[in-house]
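Enquirer: The structure under discussion is supplied below as structure tokens; questions concerning it will follow.
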Amino acid sequence: MANSWFQFQQFRVNQDRCAMKISTDAVTLGALAGAESPVQILDVGTGTGVIALMLAQRFPEAKIQAVEIDSQAASQALENFQINTFSDRMQLWEGRFQDFEPQQKYDLIVSNPPYFPDHLKSSNAQRNMALHTDELSFEDLLGKVGELLAEDGRFWVILPPRQMQDFKKEAEVKGLFPARKFTLQDKPGKRIQREICAFSRSQNEFEISAIFIKNEDETPHETYASLVSEFLLGFKA
């Protein structure tokens, strides 16, 4: 059973009321996502709030807005924001992302979105909301991001490779194109488990880099260790 809390180097995240606990996916996205000197940052589907908190740590001049549809997760994320040192720069809006109507555009938008279609659901309604696309389809997510992203902004997302293919096709329809890509693998030579992509409004060549979580001897791989060295206990540089 997952711990009810997770301690980072600079902040603590409680997660007992959230369907989705802190994961390698969230930590990797929070450590990678970036834009040129972002002032306004948006985290879509914040869950525990961990990605928003990581971005607040990384970009001390930025204001962070988080959106969460699940009421229990939203209240817990808000509490996590309030107990940490970045609270004066963090806000939470509870509701459907499709209904979110802010006054400003965002330099950086980040999402660890649901990606399962409407089938094979569990009996846990909260977990289904976090995992399945019923409440937030790729089309709806990208359509709203297209409205809210600043002209030179970046939108970052993490998905399994198969779902990322579909996502990229829909992104192009909305005028968003890959600008940077990372692959995430457990070990060198193993299958790609996730792809982390940045999208922008410009259609250019982009770089692809690989991140490996572990070496063959189970020790942390340098690509992952260096990425999380400012966040996770035990990885401090």
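Residues in the structure tokens are numbered from 1 in each chain, the chains being A, B, ... in the order shown, and ligands are numbered from 1 in the order shown.
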Could you name the residues that touch Val50 (chain A) at 9 Å or less, counting only C-alpha atoms, but leaving out those on the same chain fewer than 5 positions away, as a list in words?

Expert: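 Within the cut-off, the hits are Arg12, Val13, Ile22, Ala26, Val27, Gly30, Leu55, Ala77 and Asn80 of chain A.
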
Enquirer: Show which residues sit within 9 Å of Ser226 (chain A), as a list in words. Count only C-alpha atoms, and ignore same-chain residues fewer than 3 positions away.

Expert: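 Non-adjacent residues within range: His221, Glu222, Thr223, Ser229, Glu230, Phe235, Lys236 and Ala237 of chain A.
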
Enquirer: Taking N, CA and C atoms for each residue, export the selection above as a PDB file, in the first residue's frame.

Expert:
ATOM      1  N   HIS A 221      20.215   4.830 -12.824  1.00  0.00           N
ATOM      2  CA  HIS A 221      20.950   5.239 -14.020  1.00  0.00           C
ATOM      3  C   HIS A 221      21.227   6.732 -13.944  1.00  0.00           C
ATOM      4  N   GLU A 222      22.364   7.149 -14.462  1.00  0.00           N
ATOM      5  CA  GLU A 222      22.763   8.549 -14.346  1.00  0.00           C
ATOM      6  C   GLU A 222      21.771   9.499 -15.010  1.00  0.00           C
ATOM      7  N   THR A 223      21.086   9.061 -16.068  1.00  0.00           N
ATOM      8  CA  THR A 223      20.132   9.950 -16.740  1.00  0.00           C
ATOM      9  C   THR A 223      18.944  10.276 -15.837  1.00  0.00           C
ATOM     10  N   SER A 229      17.835  14.793  -9.004  1.00  0.00           N
ATOM     11  CA  SER A 229      18.776  15.057  -7.907  1.00  0.00           C
ATOM     12  C   SER A 229      18.387  16.250  -7.050  1.00  0.00           C
ATOM     13  N   GLU A 230      17.562  17.165  -7.582  1.00  0.00           N
ATOM     14  CA  GLU A 230      17.133  18.317  -6.793  1.00  0.00           C
ATOM     15  C   GLU A 230      15.787  18.086  -6.107  1.00  0.00           C
ATOM     16  N   PHE A 235      18.836  11.103  -3.687  1.00  0.00           N
ATOM     17  CA  PHE A 235      19.451  11.444  -4.981  1.00  0.00           C
ATOM     18  C   PHE A 235      20.152  12.798  -4.912  1.00  0.00           C
ATOM     19  N   LYS A 236      20.196  13.410  -3.753  1.00  0.00           N
ATOM     20  CA  LYS A 236      20.715  14.763  -3.633  1.00  0.00           C
ATOM     21  C   LYS A 236      22.144  14.861  -4.123  1.00  0.00           C
ATOM     22  N   ALA A 237      22.384  15.828  -4.992  1.00  0.00           N
ATOM     23  CA  ALA A 237      23.707  15.988  -5.584  1.00  0.00           C
ATOM     24  C   ALA A 237      24.724  16.477  -4.547  1.00  0.00           C
TER      25      ALA A 237
END

Enquirer: Interatomic distance between CA of Glu195 (chain A) and CA of Phe177 (chain A)?

Expert: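 Computing the Euclidean distance for CA of Glu195 (chain A) and CA of Phe177 (chain A) yields 14.6 Å.
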
Enquirer: Contacts of Ala66 (chain A) at 8 Å or less, counting only C-alpha atoms, minus same-chain residues fewer than 3 places along, as a PyMOL selection string?

Expert: chain A and resi 42-46+49+52+90-93

Enquirer: Please, could you write that set of residues out with N, CA and C atoms as a PDB file, in the first residue's frame?

Expert:
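Heads up, here's the output in again_14.pdb:
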ATOM      1  N   LEU A  42       0.563  26.435 -15.930  1.00  0.00           N
ATOM      2  CA  LEU A  42      -0.703  25.736 -15.682  1.00  0.00           C
ATOM      3  C   LEU A  42      -0.474  24.238 -15.642  1.00  0.00           C
ATOM      4  N   ASP A  43      -0.974  23.578 -14.585  1.00  0.00           N
ATOM      5  CA  ASP A  43      -0.911  22.124 -14.443  1.00  0.00           C
ATOM      6  C   ASP A  43      -2.333  21.580 -14.557  1.00  0.00           C
ATOM      7  N   VAL A  44      -2.594  20.817 -15.606  1.00  0.00           N
ATOM      8  CA  VAL A  44      -3.939  20.305 -15.886  1.00  0.00           C
ATOM      9  C   VAL A  44      -4.086  18.903 -15.310  1.00  0.00           C
ATOM     10  N   GLY A  45      -5.053  18.723 -14.399  1.00  0.00           N
ATOM     11  CA  GLY A  45      -5.249  17.441 -13.731  1.00  0.00           C
ATOM     12  C   GLY A  45      -4.168  17.225 -12.692  1.00  0.00           C
ATOM     13  N   THR A  46      -4.078  18.127 -11.751  1.00  0.00           N
ATOM     14  CA  THR A  46      -2.923  18.184 -10.844  1.00  0.00           C
ATOM     15  C   THR A  46      -2.844  17.019  -9.870  1.00  0.00           C
ATOM     16  N   GLY A  49      -0.897  17.392  -6.689  1.00  0.00           N
ATOM     17  CA  GLY A  49      -0.234  18.683  -6.801  1.00  0.00           C
ATOM     18  C   GLY A  49       1.265  18.578  -6.950  1.00  0.00           C
ATOM     19  N   ALA A  52       2.889  20.481  -9.973  1.00  0.00           N
ATOM     20  CA  ALA A  52       2.806  21.917  -9.733  1.00  0.00           C
ATOM     21  C   ALA A  52       3.849  22.363  -8.717  1.00  0.00           C
ATOM     22  N   MET A  90       0.864  29.836  -5.648  1.00  0.00           N
ATOM     23  CA  MET A  90       0.115  28.686  -6.154  1.00  0.00           C
ATOM     24  C   MET A  90      -1.381  28.851  -5.926  1.00  0.00           C
ATOM     25  N   GLN A  91      -2.154  28.494  -6.948  1.00  0.00           N
ATOM     26  CA  GLN A  91      -3.606  28.538  -6.862  1.00  0.00           C
ATOM     27  C   GLN A  91      -4.191  27.239  -7.410  1.00  0.00           C
ATOM     28  N   LEU A  92      -5.389  26.901  -6.961  1.00  0.00           N
ATOM     29  CA  LEU A  92      -6.066  25.710  -7.461  1.00  0.00           C
ATOM     30  C   LEU A  92      -7.489  26.060  -7.869  1.00  0.00           C
ATOM     31  N   TRP A  93      -7.889  25.555  -9.031  1.00  0.00           N
ATOM     32  CA  TRP A  93      -9.255  25.712  -9.522  1.00  0.00           C
ATOM     33  C   TRP A  93      -9.868  24.327  -9.650  1.00  0.00           C
TER      34      TRP A  93
END

Enquirer: Please provide the set of residues having any atom within 6 Å of Glu94 (chain A), restricted to only C-alpha atoms, with same-chain residues fewer than 4 positions apart removed, written as a list in words.

Expert: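 Selected residues are Val67, Glu68 and Ile69 of chain A.
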
Enquirer: Work out how far apart CA of Met164 (chain A) and CA of Leu142 (chain A) are and give it in Å to one decimal.

Expert: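 Distance reported for this atom pair: 12.6 Å.
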
Enquirer: Any chance you could list, as a ChimeraX atom specification, the residues in region 17-187 of chain A that come up strand (DSSP E) when DSSP is run on the backbone?

Expert: /A:40-44,63-68,90-94,106-111,149-159,177-185

Enquirer: Could you write out the selected residues, including C-alpha atoms, as a short mmCIF file (atom, residue, chain, number, x, y, z; two decimals), in the first residue's frame?

Expert:
data_model
loop_
_atom_site.label_atom_id
_atom_site.label_comp_id
_atom_site.auth_asym_id
_atom_site.auth_seq_id
_atom_site.Cartn_x
_atom_site.Cartn_y
_atom_site.Cartn_z
CA GLN A 40 2.47 31.83 -15.87
CA ILE A 41 2.35 28.02 -15.51
CA LEU A 42 -0.70 25.74 -15.68
CA ASP A 43 -0.91 22.12 -14.44
CA VAL A 44 -3.94 20.31 -15.89
CA LYS A 63 2.89 31.80 -10.68
CA ILE A 64 1.41 28.30 -10.74
CA GLN A 65 -2.25 27.56 -11.50
CA ALA A 66 -3.54 24.00 -11.07
CA VAL A 67 -6.83 22.50 -12.29
CA GLU A 68 -8.41 19.34 -10.84
CA MET A 90 0.11 28.69 -6.15
CA GLN A 91 -3.61 28.54 -6.86
CA LEU A 92 -6.07 25.71 -7.46
CA TRP A 93 -9.26 25.71 -9.52
CA GLU A 94 -11.67 22.80 -9.02
CA TYR A 106 0.24 30.47 -20.06
CA ASP A 107 3.91 30.24 -20.99
CA LEU A 108 4.04 26.62 -19.82
CA ILE A 109 1.19 24.10 -19.63
CA VAL A 110 1.78 20.61 -18.25
CA SER A 111 -0.45 17.54 -18.05
CA LEU A 149 -1.12 28.58 -24.52
CA ALA A 150 0.89 31.75 -25.13
CA GLU A 151 2.10 32.23 -28.70
CA ASP A 152 5.64 31.11 -27.85
CA GLY A 153 4.59 28.79 -25.01
CA ARG A 154 5.27 25.09 -24.49
CA PHE A 155 2.82 22.31 -23.65
CA TRP A 156 4.30 19.18 -22.04
CA VAL A 157 2.58 15.80 -21.71
CA ILE A 158 3.53 12.24 -20.73
CA LEU A 159 1.85 9.18 -22.30
CA PHE A 177 3.68 20.27 -33.05
CA PRO A 178 6.43 18.30 -31.23
CA ALA A 179 9.31 20.52 -30.11
CA ARG A 180 11.19 18.11 -27.80
CA LYS A 181 10.86 14.44 -26.93
CA PHE A 182 12.16 12.13 -24.22
CA THR A 183 11.68 8.38 -23.97
CA LEU A 184 11.48 6.70 -20.57
CA GLN A 185 12.69 3.12 -20.09
#

Enquirer: Quick one: distance from CA of Glu36 (chain A) to CA of Arg58 (chain A) in Å, one decimal?

Expert: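 So the answer is 12.3 Å.
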
Enquirer: Give me the residues within 12 Å of Pro220 (chain A) as a list in words, counting only C-alpha atoms and dropping any in the same chain fewer than 4 places off.

Expert: Asp186, Lys187, Pro188, Ile211, Phe212, Ile213, Lys214, Asn215, Glu216, Tyr224, Ala225, Ser226, Leu227, Val228, Ser229, Gly234 and Phe235 of chain A

Enquirer: If DSSP is run on the backbone, what residues of region 138-232 of chain A are helix (DSSP H, G or I)? A reply as a ChimeraX atom specification would be ideal.

Expert: /A:138-148,161-173,222-228

Enquirer: Using only N, CA and C atoms, please write the residues we just selected to a file, as a short mmCIF file (atom, residue, chain, number, x, y, z; two decimals), in the first residue's frame.

Expert:
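out12.cif written:
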data_model
loop_
_atom_site.label_atom_id
_atom_site.label_comp_id
_atom_site.auth_asym_id
_atom_site.auth_seq_id
_atom_site.Cartn_x
_atom_site.Cartn_y
_atom_site.Cartn_z
N PHE A 138 -8.55 13.54 -25.43
CA PHE A 138 -7.39 14.20 -26.03
C PHE A 138 -7.85 15.43 -26.81
N GLU A 139 -8.95 15.31 -27.53
CA GLU A 139 -9.46 16.42 -28.34
C GLU A 139 -9.81 17.62 -27.46
N ASP A 140 -10.50 17.36 -26.34
CA ASP A 140 -10.88 18.45 -25.44
C ASP A 140 -9.65 19.07 -24.77
N LEU A 141 -8.72 18.21 -24.34
CA LEU A 141 -7.50 18.71 -23.69
C LEU A 141 -6.73 19.62 -24.63
N LEU A 142 -6.49 19.15 -25.86
CA LEU A 142 -5.71 19.92 -26.82
C LEU A 142 -6.45 21.18 -27.29
N GLY A 143 -7.76 21.08 -27.42
CA GLY A 143 -8.54 22.25 -27.83
C GLY A 143 -8.42 23.38 -26.82
N LYS A 144 -8.52 23.03 -25.54
CA LYS A 144 -8.42 24.04 -24.48
C LYS A 144 -7.00 24.56 -24.35
N VAL A 145 -6.01 23.66 -24.46
CA VAL A 145 -4.61 24.09 -24.41
C VAL A 145 -4.34 25.08 -25.54
N GLY A 146 -4.88 24.81 -26.73
CA GLY A 146 -4.70 25.72 -27.85
C GLY A 146 -5.22 27.11 -27.56
N GLU A 147 -6.29 27.21 -26.76
CA GLU A 147 -6.84 28.51 -26.38
C GLU A 147 -5.97 29.23 -25.37
N LEU A 148 -5.35 28.47 -24.45
CA LEU A 148 -4.69 29.05 -23.28
C LEU A 148 -3.18 29.21 -23.41
N PRO A 161 3.70 5.13 -25.44
CA PRO A 161 3.99 5.38 -26.86
C PRO A 161 2.78 5.27 -27.78
N ARG A 162 1.95 4.25 -27.58
CA ARG A 162 0.78 4.07 -28.46
C ARG A 162 -0.18 5.26 -28.36
N GLN A 163 -0.45 5.69 -27.14
CA GLN A 163 -1.36 6.82 -26.96
C GLN A 163 -0.74 8.12 -27.44
N MET A 164 0.59 8.23 -27.34
CA MET A 164 1.25 9.45 -27.81
C MET A 164 1.10 9.59 -29.32
N GLN A 165 1.07 8.47 -30.05
CA GLN A 165 0.83 8.55 -31.50
C GLN A 165 -0.50 9.22 -31.81
N ASP A 166 -1.53 8.78 -31.11
CA ASP A 166 -2.86 9.37 -31.31
C ASP A 166 -2.85 10.84 -30.90
N PHE A 167 -2.17 11.13 -29.80
CA PHE A 167 -2.13 12.48 -29.26
C PHE A 167 -1.46 13.44 -30.25
N LYS A 168 -0.35 13.00 -30.85
CA LYS A 168 0.36 13.84 -31.82
C LYS A 168 -0.52 14.17 -33.03
N LYS A 169 -1.27 13.19 -33.50
CA LYS A 169 -2.15 13.42 -34.65
C LYS A 169 -3.21 14.47 -34.31
N GLU A 170 -3.78 14.36 -33.14
CA GLU A 170 -4.80 15.32 -32.72
C GLU A 170 -4.17 16.69 -32.48
N ALA A 171 -2.94 16.70 -31.94
CA ALA A 171 -2.24 17.96 -31.69
C ALA A 171 -2.01 18.73 -32.99
N GLU A 172 -1.64 18.02 -34.05
CA GLU A 172 -1.40 18.68 -35.33
C GLU A 172 -2.68 19.33 -35.85
N VAL A 173 -3.80 18.65 -35.64
CA VAL A 173 -5.09 19.23 -36.05
C VAL A 173 -5.33 20.56 -35.34
N GLU A 222 22.36 7.15 -14.46
CA GLU A 222 22.76 8.55 -14.35
C GLU A 222 21.77 9.50 -15.01
N THR A 223 21.09 9.06 -16.07
CA THR A 223 20.13 9.95 -16.74
C THR A 223 18.94 10.28 -15.84
N TYR A 224 18.51 9.29 -15.04
CA TYR A 224 17.40 9.53 -14.11
C TYR A 224 17.89 10.20 -12.84
N ALA A 225 19.02 9.74 -12.33
CA ALA A 225 19.56 10.29 -11.08
C ALA A 225 19.82 11.79 -11.21
N SER A 226 20.40 12.20 -12.33
CA SER A 226 20.70 13.62 -12.51
C SER A 226 19.42 14.44 -12.65
N LEU A 227 18.40 13.83 -13.23
CA LEU A 227 17.13 14.52 -13.44
C LEU A 227 16.42 14.83 -12.12
N VAL A 228 16.47 13.89 -11.19
CA VAL A 228 15.71 14.04 -9.94
C VAL A 228 16.57 14.44 -8.75
#

Enquirer: I'd like to know which of A:Thr28, A:Asn3, A:Ser202, A:Asn14 is closest to Leu232 (chain A), using only C-alpha atoms.

Expert: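 Selected residue with least distance to Leu232 (chain A): A:Thr28.
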